[in-house]
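What follows is final_17.cif (mmCIF, C-alpha atoms and all ligand atoms).
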data_protein
loop_
_atom_site.group_PDB
_atom_site.id
_atom_site.type_symbol
_atom_site.label_atom_id
_atom_site.label_comp_id
_atom_site.auth_asym_id
_atom_site.auth_seq_id
_atom_site.Cartn_x
_atom_site.Cartn_y
_atom_site.Cartn_z
ATOM 1 C CA MET A 299 76.943 103.602 127.127
ATOM 2 C CA PRO A 300 78.383 101.865 124.058
ATOM 3 C CA SER A 301 82.005 102.087 123.043
ATOM 4 C CA LYS A 302 82.721 104.676 120.370
ATOM 5 C CA TYR A 303 84.850 102.013 118.671
ATOM 6 C CA LEU A 304 81.869 99.699 118.107
ATOM 7 C CA PHE A 305 80.202 99.433 114.689
ATOM 8 C CA GLN A 306 77.049 101.564 114.950
ATOM 9 C CA ALA A 307 74.514 100.141 112.499
ATOM 10 C CA LYS A 308 72.256 103.179 112.943
ATOM 11 C CA ASN A 309 74.959 105.392 111.441
ATOM 12 C CA HIS A 310 74.700 103.303 108.281
ATOM 13 C CA GLU A 311 70.925 103.524 107.844
ATOM 14 C CA HIS A 312 71.044 106.200 105.152
ATOM 15 C CA PHE A 313 73.649 104.211 103.286
ATOM 16 C CA TYR A 314 71.590 101.020 103.467
ATOM 17 C CA LYS A 315 68.472 102.810 102.274
ATOM 18 C CA TYR A 316 70.049 104.826 99.472
ATOM 19 C CA PRO A 317 73.053 102.787 98.275
ATOM 20 C CA GLU A 318 72.907 104.520 94.884
ATOM 21 C CA GLU A 319 74.273 107.667 96.534
ATOM 22 C CA TYR A 320 77.484 105.742 97.169
ATOM 23 C CA TYR A 321 78.123 104.938 93.540
ATOM 24 C CA VAL A 322 81.651 105.430 92.242
ATOM 25 C CA LYS A 323 82.443 105.183 88.564
ATOM 26 C CA PRO A 324 84.785 102.190 88.223
ATOM 27 C CA PHE A 325 88.302 102.939 87.117
ATOM 28 C CA ARG A 326 91.593 101.275 86.364
ATOM 29 C CA ILE A 327 94.181 101.763 89.095
ATOM 30 C CA PHE A 328 97.225 100.280 87.370
ATOM 31 C CA SER A 329 97.889 97.530 84.845
ATOM 32 C CA ASN A 330 95.053 94.956 85.016
ATOM 33 C CA LEU A 331 93.696 96.123 88.407
ATOM 34 C CA TYR A 332 90.365 97.991 88.604
ATOM 35 C CA PHE A 333 88.417 99.591 91.440
ATOM 36 C CA VAL A 334 84.776 98.433 91.346
ATOM 37 C CA GLY A 335 83.748 99.311 94.917
ATOM 38 C CA ASN A 336 81.634 102.158 96.236
ATOM 39 C CA LYS A 337 82.262 105.265 98.346
ATOM 40 C CA ASP A 338 82.446 103.240 101.535
ATOM 41 C CA VAL A 339 83.912 99.863 100.782
ATOM 42 C CA GLY A 340 86.530 98.615 98.335
ATOM 43 C CA SER A 341 86.209 95.871 95.756
ATOM 44 C CA TYR A 342 88.915 95.072 93.225
ATOM 45 C CA LEU A 343 88.803 93.350 89.892
ATOM 46 C CA LEU A 344 91.819 91.785 88.169
ATOM 47 C CA ASP A 345 91.517 91.072 84.468
ATOM 48 C CA THR A 346 93.629 88.032 83.594
ATOM 49 C CA GLU A 347 94.075 86.059 80.368
ATOM 50 C CA GLU A 348 91.984 83.275 81.916
ATOM 51 C CA GLY A 349 89.125 85.280 83.415
ATOM 52 C CA LEU A 350 88.451 87.682 86.254
ATOM 53 C CA ILE A 351 89.448 87.695 89.902
ATOM 54 C CA LEU A 352 87.285 89.736 92.272
ATOM 55 C CA ILE A 353 88.486 90.687 95.742
ATOM 56 C CA ASP A 354 85.582 91.328 98.151
ATOM 57 C CA THR A 355 81.953 91.788 97.139
ATOM 58 C CA THR A 356 80.850 94.768 99.292
ATOM 59 C CA TYR A 357 77.600 95.033 101.292
ATOM 60 C CA PRO A 358 74.474 93.034 100.467
ATOM 61 C CA THR A 359 72.697 96.363 99.957
ATOM 62 C CA THR A 360 75.258 97.465 97.336
ATOM 63 C CA ARG A 361 75.324 94.278 95.257
ATOM 64 C CA ALA A 362 73.507 95.990 92.356
ATOM 65 C CA LEU A 363 76.113 98.773 92.355
ATOM 66 C CA LEU A 364 78.903 96.212 92.266
ATOM 67 C CA ILE A 365 77.430 94.382 89.294
ATOM 68 C CA GLN A 366 76.847 97.706 87.522
ATOM 69 C CA SER A 367 80.472 98.680 88.175
ATOM 70 C CA ILE A 368 81.869 95.423 86.812
ATOM 71 C CA TRP A 369 79.891 95.937 83.575
ATOM 72 C CA GLU A 370 80.889 99.584 83.368
ATOM 73 C CA ALA A 371 84.539 98.703 83.798
ATOM 74 C CA GLY A 372 84.079 96.673 80.624
ATOM 75 C CA PHE A 373 83.611 93.158 82.003
ATOM 76 C CA ASN A 374 80.873 90.566 82.272
ATOM 77 C CA PRO A 375 80.296 89.373 85.877
ATOM 78 C CA LYS A 376 79.799 85.890 84.446
ATOM 79 C CA ASN A 377 83.513 85.802 83.663
ATOM 80 C CA ILE A 378 84.567 85.934 87.313
ATOM 81 C CA ARG A 379 86.586 82.790 88.048
ATOM 82 C CA TYR A 380 87.781 83.504 91.589
ATOM 83 C CA ILE A 381 86.246 85.523 94.418
ATOM 84 C CA LEU A 382 88.716 86.309 97.210
ATOM 85 C CA HIS A 383 87.743 87.780 100.569
ATOM 86 C CA THR A 384 89.742 89.883 102.951
ATOM 87 C CA HIS A 385 87.719 88.549 105.893
ATOM 88 C CA GLY A 386 84.347 87.130 106.854
ATOM 89 C CA HIS A 387 82.264 90.221 107.631
ATOM 90 C CA PHE A 388 79.052 91.046 105.803
ATOM 91 C CA ASP A 389 80.437 94.225 104.189
ATOM 92 C CA HIS A 390 82.971 92.147 102.263
ATOM 93 C CA PHE A 391 80.879 89.160 101.137
ATOM 94 C CA GLY A 392 77.476 90.774 100.528
ATOM 95 C CA ALA A 393 77.261 89.771 96.845
ATOM 96 C CA THR A 394 79.340 86.605 97.000
ATOM 97 C CA LYS A 395 76.541 84.046 96.775
ATOM 98 C CA LEU A 396 74.837 85.932 93.963
ATOM 99 C CA LEU A 397 78.027 86.301 91.921
ATOM 100 C CA GLN A 398 78.966 82.718 92.611
ATOM 101 C CA SER A 399 75.593 81.569 91.249
ATOM 102 C CA LEU A 400 75.937 83.782 88.167
ATOM 103 C CA SER A 401 79.494 82.863 87.297
ATOM 104 C CA GLY A 402 80.305 79.577 88.985
ATOM 105 C CA ALA A 403 83.328 81.306 90.511
ATOM 106 C CA LYS A 404 85.444 79.563 93.103
ATOM 107 C CA THR A 405 85.368 81.335 96.486
ATOM 108 C CA PHE A 406 88.323 81.859 98.819
ATOM 109 C CA LEU A 407 88.233 82.760 102.511
ATOM 110 C CA GLY A 408 90.688 82.539 105.388
ATOM 111 C CA GLY A 409 90.435 79.109 106.984
ATOM 112 C CA GLU A 410 89.756 80.598 110.411
ATOM 113 C CA ASP A 411 86.844 82.692 109.114
ATOM 114 C CA ALA A 412 85.400 79.643 107.346
ATOM 115 C CA LYS A 413 85.494 77.977 110.772
ATOM 116 C CA MET A 414 83.882 81.083 112.276
ATOM 117 C CA PHE A 415 81.017 80.782 109.755
ATOM 118 C CA ARG A 416 80.441 77.206 110.897
ATOM 119 C CA GLU A 417 80.919 77.579 114.631
ATOM 120 C CA ARG A 418 80.185 81.228 115.487
ATOM 121 C CA PRO A 419 78.128 82.569 112.527
ATOM 122 C CA GLU A 420 76.973 85.576 114.575
ATOM 123 C CA LEU A 421 80.561 86.892 114.365
ATOM 124 C CA ALA A 422 80.068 87.532 110.634
ATOM 125 C CA LEU A 423 77.950 90.490 111.907
ATOM 126 C CA ILE A 424 75.079 89.771 109.535
ATOM 127 C CA GLU A 425 72.725 91.357 112.052
ATOM 128 C CA ASP A 426 74.407 94.713 111.369
ATOM 129 C CA ALA A 427 73.685 94.373 107.640
ATOM 130 C CA HIS A 428 69.952 95.177 108.021
ATOM 131 C CA TYR A 429 69.339 92.876 105.096
ATOM 132 C CA THR A 430 66.926 89.996 105.423
ATOM 133 C CA PHE A 431 68.258 87.724 102.735
ATOM 134 C CA LEU A 432 71.995 87.673 103.361
ATOM 135 C CA ASP A 433 73.373 84.208 103.820
ATOM 136 C CA LEU A 434 76.789 82.851 104.694
ATOM 137 C CA PHE A 435 78.652 80.876 102.074
ATOM 138 C CA GLU A 436 80.850 77.844 102.168
ATOM 139 C CA PRO A 437 84.217 78.741 100.638
ATOM 140 C CA ASP A 438 85.725 76.399 98.067
ATOM 141 C CA VAL A 439 89.224 77.251 99.253
ATOM 142 C CA MET A 440 90.143 77.854 102.871
ATOM 143 C CA LEU A 441 93.229 80.020 102.685
ATOM 144 C CA GLN A 442 96.355 79.280 104.668
ATOM 145 C CA ASP A 443 99.258 81.626 105.301
ATOM 146 C CA GLY A 444 101.461 82.062 102.234
ATOM 147 C CA ASP A 445 99.065 80.571 99.692
ATOM 148 C CA ILE A 446 99.622 81.738 96.126
ATOM 149 C CA ILE A 447 96.573 82.229 93.928
ATOM 150 C CA ARG A 448 97.259 82.157 90.186
ATOM 151 C CA LEU A 449 95.079 82.857 87.199
ATOM 152 C CA GLY A 450 96.675 83.521 83.816
ATOM 153 C CA SER A 451 99.849 85.442 84.512
ATOM 154 C CA THR A 452 98.373 87.125 87.626
ATOM 155 C CA LYS A 453 99.728 85.901 90.924
ATOM 156 C CA ILE A 454 98.390 86.926 94.341
ATOM 157 C CA ARG A 455 100.184 86.137 97.595
ATOM 158 C CA ALA A 456 97.830 85.626 100.538
ATOM 159 C CA VAL A 457 99.230 86.433 103.974
ATOM 160 C CA SER A 458 97.408 85.600 107.183
ATOM 161 C CA THR A 459 96.999 88.762 109.297
ATOM 162 C CA PRO A 460 94.591 87.890 112.135
ATOM 163 C CA GLY A 461 93.294 90.482 114.563
ATOM 164 C CA HIS A 462 90.172 92.161 113.216
ATOM 165 C CA THR A 463 88.932 88.569 112.769
ATOM 166 C CA MET A 464 91.000 85.402 113.055
ATOM 167 C CA GLY A 465 90.728 84.746 109.331
ATOM 168 C CA VAL A 466 91.873 88.120 107.959
ATOM 169 C CA PHE A 467 94.001 87.748 104.839
ATOM 170 C CA SER A 468 96.093 90.441 103.212
ATOM 171 C CA TYR A 469 96.904 90.238 99.538
ATOM 172 C CA PHE A 470 100.022 91.214 97.628
ATOM 173 C CA MET A 471 100.359 91.255 93.858
ATOM 174 C CA GLU A 472 102.970 92.421 91.399
ATOM 175 C CA LEU A 473 101.462 94.435 88.568
ATOM 176 C CA THR A 474 103.255 95.380 85.361
ATOM 177 C CA GLU A 475 102.376 98.017 82.802
ATOM 178 C CA ASN A 476 104.658 99.203 79.995
ATOM 179 C CA GLY A 477 107.623 97.447 81.573
ATOM 180 C CA GLU A 478 107.047 99.135 84.946
ATOM 181 C CA THR A 479 106.338 96.802 87.881
ATOM 182 C CA HIS A 480 104.754 97.753 91.200
ATOM 183 C CA LEU A 481 103.675 95.760 94.232
ATOM 184 C CA ALA A 482 100.071 96.350 95.256
ATOM 185 C CA GLY A 483 99.160 95.538 98.862
ATOM 186 C CA LEU A 484 95.729 95.190 100.442
ATOM 187 C CA TYR A 485 95.611 94.846 104.213
ATOM 188 C CA GLY A 486 92.637 92.648 104.973
ATOM 189 C CA GLY A 487 91.128 94.200 108.102
ATOM 190 C CA ILE A 488 92.119 96.930 110.515
ATOM 191 C CA GLY A 489 88.785 97.930 112.128
ATOM 192 C CA LEU A 490 88.780 98.190 115.903
ATOM 193 C CA ASN A 491 85.047 97.448 116.163
ATOM 194 C CA THR A 492 85.770 93.776 116.893
ATOM 195 C CA LEU A 493 88.615 94.555 119.278
ATOM 196 C CA CYS A 494 87.045 97.163 121.541
ATOM 197 C CA ARG A 495 86.073 96.289 125.091
ATOM 198 C CA ASP A 496 82.315 96.044 124.454
ATOM 199 C CA SER A 497 82.818 93.658 121.557
ATOM 200 C CA VAL A 498 85.356 91.310 123.140
ATOM 201 C CA GLU A 499 83.354 91.149 126.371
ATOM 202 C CA LYS A 500 80.068 90.462 124.588
ATOM 203 C CA SER A 501 81.511 87.862 122.201
ATOM 204 C CA GLY A 502 84.260 86.362 124.340
ATOM 205 C CA THR A 503 86.809 87.162 121.630
ATOM 206 C CA GLY A 504 89.550 88.783 123.684
ATOM 207 C CA TYR A 505 92.032 86.440 121.964
ATOM 208 C CA LEU A 506 91.856 88.698 118.874
ATOM 209 C CA ARG A 507 93.930 91.216 120.786
ATOM 210 C CA ASP A 508 96.823 88.770 120.937
ATOM 211 C CA TYR A 509 97.236 88.961 117.161
ATOM 212 C CA TYR A 510 96.414 92.485 116.001
ATOM 213 C CA LEU A 511 99.770 94.221 116.494
ATOM 214 C CA ALA A 512 101.844 91.205 115.440
ATOM 215 C CA SER A 513 99.951 91.051 112.141
ATOM 216 C CA LEU A 514 100.601 94.735 111.419
ATOM 217 C CA GLU A 515 104.270 94.166 112.150
ATOM 218 C CA LYS A 516 104.351 91.037 109.976
ATOM 219 C CA VAL A 517 103.634 92.929 106.747
ATOM 220 C CA ARG A 518 105.090 96.325 107.675
ATOM 221 C CA THR A 519 108.231 95.903 105.585
ATOM 222 C CA GLU A 520 106.578 94.574 102.435
ATOM 223 C CA PRO A 521 107.878 96.740 99.556
ATOM 224 C CA VAL A 522 104.384 97.875 98.599
ATOM 225 C CA ASP A 523 104.107 100.930 96.394
ATOM 226 C CA ILE A 524 100.394 100.754 95.569
ATOM 227 C CA VAL A 525 98.313 100.792 98.755
ATOM 228 C CA LEU A 526 94.774 99.441 98.445
ATOM 229 C CA GLY A 527 92.088 99.626 101.107
ATOM 230 C CA ASN A 528 89.131 97.359 101.819
ATOM 231 C CA HIS A 529 87.446 100.563 102.954
ATOM 232 C CA THR A 530 88.076 103.605 100.796
ATOM 233 C CA ALA A 531 89.028 105.875 103.699
ATOM 234 C CA GLN A 532 92.029 103.657 104.479
ATOM 235 C CA ASN A 533 93.980 104.607 101.371
ATOM 236 C CA LYS A 534 92.058 107.744 100.319
ATOM 237 C CA THR A 535 90.752 105.978 97.197
ATOM 238 C CA LEU A 536 88.326 108.712 96.218
ATOM 239 C CA GLU A 537 90.787 111.586 96.604
ATOM 240 C CA LYS A 538 93.346 109.689 94.531
ATOM 241 C CA TYR A 539 90.746 108.931 91.876
ATOM 242 C CA GLU A 540 90.034 112.646 91.551
ATOM 243 C CA LEU A 541 93.735 113.416 91.215
ATOM 244 C CA LEU A 542 94.108 110.629 88.664
ATOM 245 C CA GLN A 543 91.336 112.121 86.533
ATOM 246 C CA LYS A 544 92.925 115.572 86.636
ATOM 247 C CA ASN A 545 96.380 114.316 85.836
ATOM 248 C CA PRO A 546 96.419 110.805 84.360
ATOM 249 C CA GLY A 547 100.155 111.034 83.716
ATOM 250 C CA ASN A 548 100.954 111.133 87.423
ATOM 251 C CA ASN A 549 99.302 108.142 89.099
ATOM 252 C CA PRO A 550 98.676 109.030 92.786
ATOM 253 C CA PHE A 551 98.145 105.362 93.659
ATOM 254 C CA ILE A 552 101.854 104.776 93.117
ATOM 255 C CA ASN A 553 103.575 105.915 96.282
ATOM 256 C CA PRO A 554 106.343 103.856 97.913
ATOM 257 C CA LYS A 555 106.158 105.931 101.122
ATOM 258 C CA GLU A 556 102.536 105.234 101.907
ATOM 259 C CA TRP A 557 102.467 101.588 102.962
ATOM 260 C CA VAL A 558 104.377 101.921 106.214
ATOM 261 C CA GLN A 559 102.026 104.677 107.365
ATOM 262 C CA PHE A 560 99.216 102.157 107.213
ATOM 263 C CA PRO A 561 100.303 99.673 109.925
ATOM 264 C CA ASP A 562 101.812 102.515 111.940
ATOM 265 C CA GLY A 563 98.542 104.483 111.814
ATOM 266 C CA ALA A 564 96.526 101.391 112.763
ATOM 267 C CA LYS A 565 98.860 100.672 115.660
ATOM 268 C CA ALA A 566 98.517 104.252 116.944
ATOM 269 C CA LEU A 567 94.704 104.000 116.838
ATOM 270 C CA TYR A 568 94.779 100.655 118.635
ATOM 271 C CA CYS A 569 97.009 102.054 121.379
ATOM 272 C CA GLN A 570 94.712 105.080 121.645
ATOM 273 C CA MET A 571 91.748 102.732 122.104
ATOM 274 C CA LEU A 572 93.520 100.890 124.952
ATOM 275 C CA GLU A 573 94.327 104.214 126.583
ATOM 276 C CA ASP A 574 90.732 105.416 126.194
ATOM 277 C CA GLU A 575 89.521 102.201 127.810
ATOM 278 C CA HIS A 576 91.897 102.691 130.685
ATOM 279 C CA PHE A 577 90.608 106.194 131.347
ATOM 280 C CA GLY A 578 86.953 105.348 130.535
ATOM 281 C CA ALA A 579 87.079 107.692 127.525
ATOM 282 C CA ASP A 580 85.927 104.952 125.134
ATOM 283 C CA GLN A 581 82.253 105.306 125.993
ATOM 284 C CA ILE A 582 79.813 107.580 124.209
HETATM 285 ZN ZN ZN A 601 85.277 93.669 109.204
#
In structure tokens, how does this file's structure come out?
Amino acid sequence: MPSKYLFQAKNHEHFYKYPEEYYVKPFRIFSNLYFVGNKDVGSYLLDTEEGLILIDTTYPTTRALLIQSIWEAGFNPKNIRYILHTHGHFDHFGATKLLQSLSGAKTFLGGEDAKMFRERPELALIEDAHYTFLDLFEPDVMLQDGDIIRLGSTKIRAVSTPGHTMGVFSYFMELTENGETHLAGLYGGIGLNTLCRDSVEKSGTGYLRDYYLASLEKVRTEPVDIVLGNHTAQNKTLEKYELLQKNPGNNPFINPKEWVQFPDGAKALYCQMLEDEHFGADQI
């Protein structure tokens, strides 16, 4: 009986087979920040005076959608200078090698996940990708806590938030449009699939549990008023996009009350998982 908190690759089969059904028309969120992901997973493009920054490259099976979205947003994928990753799982670096070859972009990954690629490559969960040709990559920059990434006038603060993997990084960036400045925040990994009992027992990664709650707490008070998600369900990307289309004058992505709900919601789910384990209610 597997844990209901585990990643179930079979639930993704339709998605892997028909990725085109997960297409989302790319759109500008605020200032120079664009959404170029799909219905399931987020990917963000920042247009700077010195080229493009891409955060996460989605699944290997959705790499064509990603490239289509970058073009449709009005940009040439060859102009990507930096590719940042929230963490080292296959659903966030699926097109990295391809885009790196096309553009010569520099790649960034948390130092601990770069180490994971070298020492425990199976923890990148490539097996779950159902994609024969996916390969790991060697990052050019191994991120450390507090690193600042600059390109043109865009500045991204990288904060180490281990738990989901040891190398999870969350990103914070100030965005300005028409004299109005907002802080966008992207938490780099909240999934419990790597923290549930089955996973930590199978992989010997119980140490992840020592970090999860502390990382949520670490960024809880950041004055974020644009919440991003590396999966669209985390920040209701698609619902907000619909609202934005209906009423472009009232941007639903700007919401100073939303950020705190994010770590608090993740903490509640984590505590629920521990309780379910205790009572044996985590099995399906
Ligand atoms: Zn992950």
Fill in: Selection within 10 Å of ligand ZN 601 (chain A) by all atoms listed in the file, output as a ChimeraX atom specification
/A:305,384-390,421-423,462-463,466,486-492,528-529
Discussion item. List the spatial neighbours of region 425-438 of chain A as a ChimeraX atom specification - criterion: any atom at most 8 Å away, all atoms listed in the file, same-chain residues fewer than 6 positions off excluded.
Written reply: /A:307,314,357-359,388-389,392,394-395,404-407,412,415,419
Practice prompt. Using the chain letters and numbering of this document, enumerate as an MDAnalysis selection string the residues selected by the PyMOL selection byres (((chain A and resi 340-350) around 8) and not hetatm).
Written response: chainID A and resid 330:339 351:356 368 377:380 449:452 527:530
Discussion item. Excluding Lys538 (chain A) and its own-chain neighbours fewer than 5 positions away, which residues fall within 12 Å of it when counting all atoms listed in the file? Please give them as number ranges by chain.
Written reply: A: 325-327, 333, 524-526, 530-533, 543-546, 548-553
Practice prompt. Run the PyMOL selection byres (((chain A and resi 562-574) around 9) and not hetatm) against the file shown and list the residues it catches, as a PyMOL selection string.
Written response: chain A and resi 303+488-490+493-495+510-511+514-515+518+558-561+575-581
Discussion item. What does the structure give for the distance between CA of Glu478 (chain A) and CA of Lys555 (chain A), in Å to one decimal?
Written reply: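 Interatomic distance here is 17.6 Å.
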Fill in: Pick from A:Arg507, A:Lys376, A:Lys516, A:Lys534 nearest to Gln398 (chain A), counting only C-alpha atoms
A:Lys376
Fill in: For CA of Val439 (chain A) and CA of Ile381 (chain A), the interatomic separation in Å (one decimal)
10.0 Å
Worksheet item: Could you work out how far CA of Thr459 (chain A) lies from CA of Glu410 (chain A), giving the answer in Å with one decimal?
Response: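 Here the two named atoms are 11.0 Å from each other.
Note on the selection: in this file the PyMOL selection byres (((chain A and resi 483) around 10) and not hetatm) comes out as A:Ile454, A:Arg455, A:Ser468, A:Tyr469, A:Phe470, A:Met471, A:Glu472, A:His480, A:Leu481, A:Ala482, A:Leu484, A:Tyr485, A:Gly486, A:Val517, A:Glu520, A:Pro521, A:Val522, A:Asp523, A:Ile524, A:Val525, A:Leu526, A:Gly527, A:Trp557.
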Selected residues written out, C-alpha atoms, as a tab-separated table (two decimals), in the frame of the given file:
chain	number	residue	atom	x	y	z
A	454	ILE	CA	98.39	86.93	94.34
A	455	ARG	CA	100.18	86.14	97.60
A	468	SER	CA	96.09	90.44	103.21
A	469	TYR	CA	96.90	90.24	99.54
A	470	PHE	CA	100.02	91.21	97.63
A	471	MET	CA	100.36	91.26	93.86
A	472	GLU	CA	102.97	92.42	91.40
A	480	HIS	CA	104.75	97.75	91.20
A	481	LEU	CA	103.68	95.76	94.23
A	482	ALA	CA	100.07	96.35	95.26
A	484	LEU	CA	95.73	95.19	100.44
A	485	TYR	CA	95.61	94.85	104.21
A	486	GLY	CA	92.64	92.65	104.97
A	517	VAL	CA	103.63	92.93	106.75
A	520	GLU	CA	106.58	94.57	102.44
A	521	PRO	CA	107.88	96.74	99.56
A	522	VAL	CA	104.38	97.88	98.60
A	523	ASP	CA	104.11	100.93	96.39
A	524	ILE	CA	100.39	100.75	95.57
A	525	VAL	CA	98.31	100.79	98.76
A	526	LEU	CA	94.77	99.44	98.44
A	527	GLY	CA	92.09	99.63	101.11
A	557	TRP	CA	102.47	101.59	102.96
